Every structure is written in structure tokens, then in C-alpha cells.
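**Student:** What follows is my_file32.txt, compact mmCIF, C-alpha atoms and all ligand atoms.
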# COMPACT_ATOMS: atom_id res chain seq x y z
CA MET A 1 -93.95 241.79 117.10
CA ASN A 2 -90.74 241.31 118.96
CA ILE A 3 -92.20 242.91 122.05
CA CYS A 4 -95.24 240.60 121.85
CA PHE A 5 -93.10 237.47 121.59
CA HIS A 6 -90.99 238.66 124.47
CA LYS A 7 -94.09 239.15 126.62
CA PHE A 8 -95.39 235.69 125.65
CA ALA A 9 -92.06 234.07 126.49
CA ILE A 10 -91.88 235.73 129.90
CA ASN A 11 -95.51 234.84 130.72
CA SER A 12 -95.16 231.20 129.75
CA LEU A 13 -91.74 230.65 131.27
CA PHE A 14 -92.42 232.48 134.51
CA PRO A 15 -94.01 229.55 136.41
CA LEU A 16 -91.19 227.25 135.27
CA LEU A 17 -88.54 229.75 136.37
CA LEU A 18 -90.25 230.06 139.75
CA VAL A 19 -90.11 226.31 140.30
CA ILE A 20 -86.46 226.05 139.23
CA ALA A 21 -85.33 229.08 141.19
CA SER A 22 -87.16 228.32 144.37
CA PRO A 23 -86.80 224.80 145.79
CA SER A 24 -88.72 225.84 148.92
CA ILE A 25 -91.87 226.28 146.81
CA VAL A 26 -91.49 222.73 145.53
CA ALA A 27 -90.79 221.44 149.04
CA ALA A 28 -93.90 223.16 150.38
CA GLY A 29 -95.99 221.03 148.02
CA GLU A 30 -94.31 217.76 149.01
CA ASP A 31 -96.12 215.09 150.97
CA GLN A 32 -94.93 215.71 154.55
CA SER A 33 -95.90 212.17 155.58
CA GLN A 34 -92.80 211.03 153.64
CA ALA A 35 -90.50 213.24 155.72
CA SER A 36 -88.28 211.53 158.30
CA LEU A 37 -89.02 211.86 162.01
CA TYR A 38 -85.83 213.96 162.20
CA GLU A 39 -87.28 216.47 159.72
CA ARG A 40 -90.74 216.47 161.27
CA LEU A 41 -89.30 217.16 164.73
CA GLY A 42 -87.59 220.26 163.35
CA GLY A 43 -84.04 218.94 162.84
CA TYR A 44 -80.90 218.96 164.91
CA ASN A 45 -81.48 222.09 167.02
CA ALA A 46 -85.00 221.05 167.99
CA ILE A 47 -83.81 217.57 169.08
CA SER A 48 -80.91 219.11 170.99
CA ALA A 49 -83.31 221.48 172.82
CA VAL A 50 -85.57 218.54 173.76
CA VAL A 51 -82.63 216.51 175.14
CA ASP A 52 -81.35 219.53 177.12
CA ASP A 53 -84.75 220.01 178.70
CA VAL A 54 -85.11 216.33 179.64
CA VAL A 55 -81.58 216.10 181.09
CA VAL A 56 -82.17 219.18 183.30
CA GLN A 57 -85.27 217.50 184.75
CA ILE A 58 -83.78 214.07 185.35
CA ALA A 59 -80.50 215.36 186.80
CA ALA A 60 -82.55 217.38 189.32
CA ASP A 61 -84.81 214.44 190.20
CA GLU A 62 -84.50 213.06 193.72
CA LYS A 63 -84.22 209.41 192.58
CA LEU A 64 -82.66 209.70 189.11
CA GLY A 65 -80.21 212.41 190.15
CA ARG A 66 -77.93 209.70 191.60
CA PHE A 67 -76.70 208.90 188.09
CA TRP A 68 -75.40 212.42 187.54
CA ALA A 69 -74.25 213.29 191.06
CA HIS A 70 -70.53 214.02 191.39
CA ARG A 71 -69.95 213.97 187.66
CA GLY A 72 -67.95 216.70 185.97
CA LYS A 73 -69.66 219.32 183.81
CA ASP A 74 -67.77 218.21 180.74
CA GLY A 75 -68.66 214.55 181.30
CA ILE A 76 -72.36 215.49 181.42
CA ALA A 77 -72.03 217.73 178.32
CA ARG A 78 -70.29 214.89 176.45
CA GLU A 79 -72.99 212.40 177.41
CA LYS A 80 -75.75 214.84 176.40
CA GLN A 81 -74.07 215.28 173.01
CA LEU A 82 -73.95 211.52 172.52
CA ILE A 83 -77.66 211.26 173.38
CA VAL A 84 -78.49 213.98 170.81
CA ASP A 85 -76.34 212.21 168.19
CA PHE A 86 -77.95 208.86 168.96
CA ILE A 87 -81.50 210.22 168.58
CA VAL A 88 -80.66 212.29 165.48
CA ALA A 89 -79.09 209.25 163.79
CA LYS A 90 -81.99 206.94 164.69
CA ALA A 91 -84.61 209.50 163.61
CA GLY A 92 -83.15 209.77 160.10
CA GLY A 93 -80.73 212.71 160.41
CA SER A 94 -77.49 212.51 158.45
CA LEU A 95 -75.19 211.91 161.38
CA TYR A 96 -73.06 208.91 162.32
CA TYR A 97 -73.48 207.94 166.00
CA ARG A 98 -70.02 207.25 167.44
CA GLY A 99 -71.07 206.31 170.96
CA ARG A 100 -71.58 202.91 172.52
CA GLU A 101 -74.75 200.91 172.06
CA MET A 102 -77.45 201.08 174.76
CA LYS A 103 -76.82 197.71 176.44
CA LEU A 104 -73.09 198.22 176.70
CA SER A 105 -73.31 201.81 177.98
CA HIS A 106 -75.96 201.16 180.67
CA GLU A 107 -75.06 197.64 181.83
CA GLY A 108 -74.44 197.41 185.58
CA MET A 109 -76.10 200.74 186.45
CA GLN A 110 -79.05 198.89 188.01
CA ILE A 111 -81.56 201.14 186.27
CA ASP A 112 -85.00 200.04 187.44
CA GLU A 113 -88.61 200.35 186.29
CA LYS A 114 -89.24 203.40 188.51
CA ASP A 115 -86.17 205.18 187.03
CA TRP A 116 -87.59 204.49 183.58
CA GLU A 117 -91.03 205.86 184.52
CA ILE A 118 -89.43 209.08 185.80
CA LEU A 119 -87.46 209.48 182.55
CA ILE A 120 -90.57 208.91 180.41
CA GLY A 121 -92.56 211.35 182.60
CA ALA A 122 -89.86 214.00 182.03
CA LEU A 123 -89.84 213.29 178.29
CA LYS A 124 -93.64 213.65 178.13
CA ASN A 125 -93.42 217.02 179.98
CA THR A 126 -90.87 218.24 177.45
CA LEU A 127 -92.81 217.06 174.39
CA HIS A 128 -95.86 218.86 175.77
CA LYS A 129 -93.90 222.01 176.66
CA PHE A 130 -92.35 222.15 173.15
CA LYS A 131 -95.79 221.55 171.58
CA VAL A 132 -94.56 218.51 169.62
CA PRO A 133 -97.60 217.22 167.64
CA ALA A 134 -99.34 214.03 168.81
CA GLN A 135 -98.06 211.81 165.96
CA GLU A 136 -94.40 212.82 166.40
CA SER A 137 -94.67 212.58 170.22
CA ARG A 138 -96.01 209.06 169.81
CA GLU A 139 -93.11 208.13 167.53
CA VAL A 140 -90.53 209.55 169.95
CA LEU A 141 -92.08 207.59 172.83
CA GLU A 142 -92.20 204.43 170.71
CA PHE A 143 -88.53 204.90 169.83
CA PHE A 144 -87.55 205.27 173.52
CA ASP A 145 -89.54 202.12 174.22
CA THR A 146 -87.38 200.16 171.75
CA THR A 147 -84.31 200.92 173.91
CA LYS A 148 -85.92 199.91 177.23
CA THR A 149 -84.96 196.21 177.32
CA ASP A 150 -81.30 197.15 176.81
CA ILE A 151 -81.38 199.77 179.58
CA VAL A 152 -83.68 198.63 182.40
CA GLU A 153 -82.10 195.82 184.45
CA LYS A 154 -84.33 195.64 187.53
CA SER A 155 -88.11 195.57 187.97
C1 LIG A 201 -83.65 205.92 183.30
C2 LIG A 201 -83.01 205.75 182.18
C3 LIG A 201 -81.57 206.14 181.91
C4 LIG A 201 -80.55 206.44 182.77
C5 LIG A 201 -80.58 206.47 184.28
C6 LIG A 201 -79.38 206.74 181.97
C7 LIG A 201 -78.14 207.07 182.47
C8 LIG A 201 -76.99 207.22 181.73
C9 LIG A 201 -75.68 207.50 182.25
C10 LIG A 201 -75.36 207.70 183.74
C11 LIG A 201 -74.81 207.52 181.21
C12 LIG A 201 -73.29 207.76 181.26
C13 LIG A 201 -72.57 206.46 181.14
C14 LIG A 201 -71.06 206.61 181.25
O1 LIG A 201 -70.57 207.71 181.44
O2 LIG A 201 -70.36 205.59 181.11
C15 LIG A 201 -75.60 207.29 180.00
C16 LIG A 201 -75.08 207.26 178.73
C17 LIG A 201 -75.84 207.29 177.60
N1 LIG A 201 -77.20 207.15 177.52
FE1 LIG A 201 -78.42 206.85 179.08
N2 LIG A 201 -79.71 206.62 180.65
C18 LIG A 201 -81.03 206.27 180.56
C19 LIG A 201 -81.77 206.09 179.41
C20 LIG A 201 -81.32 206.37 178.15
C21 LIG A 201 -82.12 206.35 176.95
C22 LIG A 201 -83.62 206.03 176.89
C23 LIG A 201 -81.29 206.67 175.91
C24 LIG A 201 -81.59 206.81 174.44
C25 LIG A 201 -82.75 207.18 173.95
C26 LIG A 201 -79.95 206.86 176.46
C27 LIG A 201 -78.86 207.18 175.71
C28 LIG A 201 -77.58 207.25 176.22
C29 LIG A 201 -76.40 207.47 175.39
C30 LIG A 201 -76.37 207.66 173.88
C31 LIG A 201 -75.30 207.47 176.25
C32 LIG A 201 -73.82 207.64 175.88
C33 LIG A 201 -73.20 206.31 175.52
C34 LIG A 201 -71.68 206.38 175.47
O3 LIG A 201 -71.09 206.87 176.45
O4 LIG A 201 -71.11 205.93 174.48
N3 LIG A 201 -80.01 206.68 177.81
N4 LIG A 201 -76.91 207.11 180.35
Mind converting the file's structure to C-alpha cells?
Ligand code: HEM
**Tutor:**
Amino acid sequence: MNICFHKFAINSLFPLLLVIASPSIVAAGEDQSQASLYERLGGYNAISAVVDDVVVQIAADEKLGRFWAHRGKDGIAREKQLIVDFIVAKAGGSLYYRGREMKLSHEGMQIDEKDWEILIGALKNTLHKFKVPAQESREVLEFFDTTKTDIVEKS
């Protein structure tokens, strides 16, 4: 009798124990459309890898390279970190961006429309290379677009 009850208890409690003990099983059933862009992009490391890849391309570009010429390695690393932090914070990651806002940090650089096109071209290459899904790629591009009026000064 005891053995039977024991078996019944284990059988009926097992699914409940599984749910309590394993949050990843619950998460797998969650509606992913509710997840932040930060989560859907794959989190901090994925965003950092995307920024690295874009910065390598634009720093090597014949026209855009002027902004990074003659700058120290640490200055570039610091700026790249601020860009990662900015995107992580805006995409819903739990990080407080401590850099300057876009207008203040780019004012006077005379960034023009062609510079912008080169940056967006590099970003599109990277999103494609990293196989970022269409919906998330669209959201990243839309987010960049929201910063454009603060950054581009010349047509
Ligand atoms: C063609 C477009 C762009 C160019 C040429 C450019 C260039 C630069 C340069 C040269 C700096 C360093 C400024 C300094 O040391 O004082 C900088 C800083 C920064 N940029 Fe851009 N940028 C561009 C677009 C963007 C975009 C689209 C974003 C965001 C999505 C962005 C985010 C930042 C951030 C967060 C910083 C650091 C701000 C700080 O120092 O507090 N930039 N950018």
C-alpha cells in the first residue's frame, strides 16, 4: 500500500517538479515575440561581436577611415565599448549607458549622407554575415535610423 502511494505521488508530482526545477523548460514555452530586441539578438556578446565587425569595416573604409585615423588604440576601444553599451541599453539590456548623447558626441564632425550610407552598408553586411533574422535586422536598422538626424550634419 505504502509502495503504491509512493509511486502515485512520484508520478503525479513529477511534471510539477520538472517545471519548478528547470526554468529553461518554462522559458522554452514562452512567447518569444515578447522578448526584448536585446534578448532576440543573442545578448551582450552577440551585440559586441556585431559592433566589432562593423567598426573594423568602417575604420578601413577609404572615406570613413578619416574619423579613426591617428587615434590611439585605447581611444578606439573605449569608443567601441560606449557604442556597445549604447545599443545594449537601447535594445532592452540591463545596462546604464554612461556616454554622451548622439548629438553632443558627433556635433562638428561634418558627417555627411555618404558617410551614413557607408556605415549602413557595413552594418547590413554584418547582419547578413551573422545571419541575424529579417525581423531583428529590420529593427536594428530602424533603431540606427532614429539616431541619424542627431549625427548627420551635411547632405
Ligand atoms: C557615419 C556615422 C558615424 C561616424 C562617422 C561616427 C564617428 C564617431 C567618432 C569619431 C566618435 C568619437 C568621438 C570622440 O572621441 O569624441 C564617435 C563616438 C560615438 N558614436 Fe559614433 N559615428 C557614427 C555613427 C554612430 C551611430 C549610428 C551610433 C549609434 C548607433 C554611434 C554611437 C556612438 C557612441 C555611443 C559614441 C561615444 C560617445 C561618447 O564618447 O560619449 N555613432 N562616433
**Student:** Between A:Ala60, A:Val140, A:Leu127, A:Leu95, which one has atoms that come closest to ligand LIG 201 (chain A), using only C-alpha atoms and all ligand atoms?
**Tutor:** A:Val140
**Student:** What do you get as a PyMOL selection string if you pick all residues at most 9 Å from ligand LIG 201 (chain A), counting all atoms listed in the file?
**Tutor:** chain A and resi 58+64-68+71+75-76+78-87+97-102+104-106+109-120+143-148+151-152
**Student:** As an exercise, work out the distance from atom CA of A:Ser137 to atom CA of A:Thr149 in Å and give it to one decimal place.
**Tutor:**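 Separating atom CA of A:Ser137 from atom CA of A:Thr149 is a distance of 20.3 Å.
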**Student:** Let me have the centre and edge lengths of the axis-aligned box enclosing all listed atoms of stretch 108-119 of chain A with 5 Å padding on every side, in Å to one decimal, as JSON.
**Tutor:**
{"center_x": -82.7, "center_y": 203.4, "center_z": 185.5, "size_x": 26.6, "size_y": 22.1, "size_z": 16.0}
**Student:** So, with only C-alpha atoms as the atoms that count, which of A:Tyr96, A:Gly42, A:Ser48, A:Lys73 lies closest to A:Pro133?
**Tutor:** A:Gly42
**Student:** Could you give me, as a PyMOL selection string, the residues within 10 Å of A:Phe130, counting only C-alpha atoms and dropping anything in the same chain fewer than 4 positions from it?
**Tutor:** chain A and resi 46+49-50+53+124-126
**Student:** Measure the distance from atom CA of A:Gly93 to atom CA of A:Glu107 in Å and round it to one decimal.
**Tutor:**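 Between atom CA of A:Gly93 and atom CA of A:Glu107 the gap works out to 26.8 Å.
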**Student:** Taking only C-alpha atoms into account, name the residue in A:Leu141, A:Leu123, A:Val56, A:Glu136 that is nearest to A:Ala35.
**Tutor:**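 Of all the options, A:Glu136 lies closest to A:Ala35.
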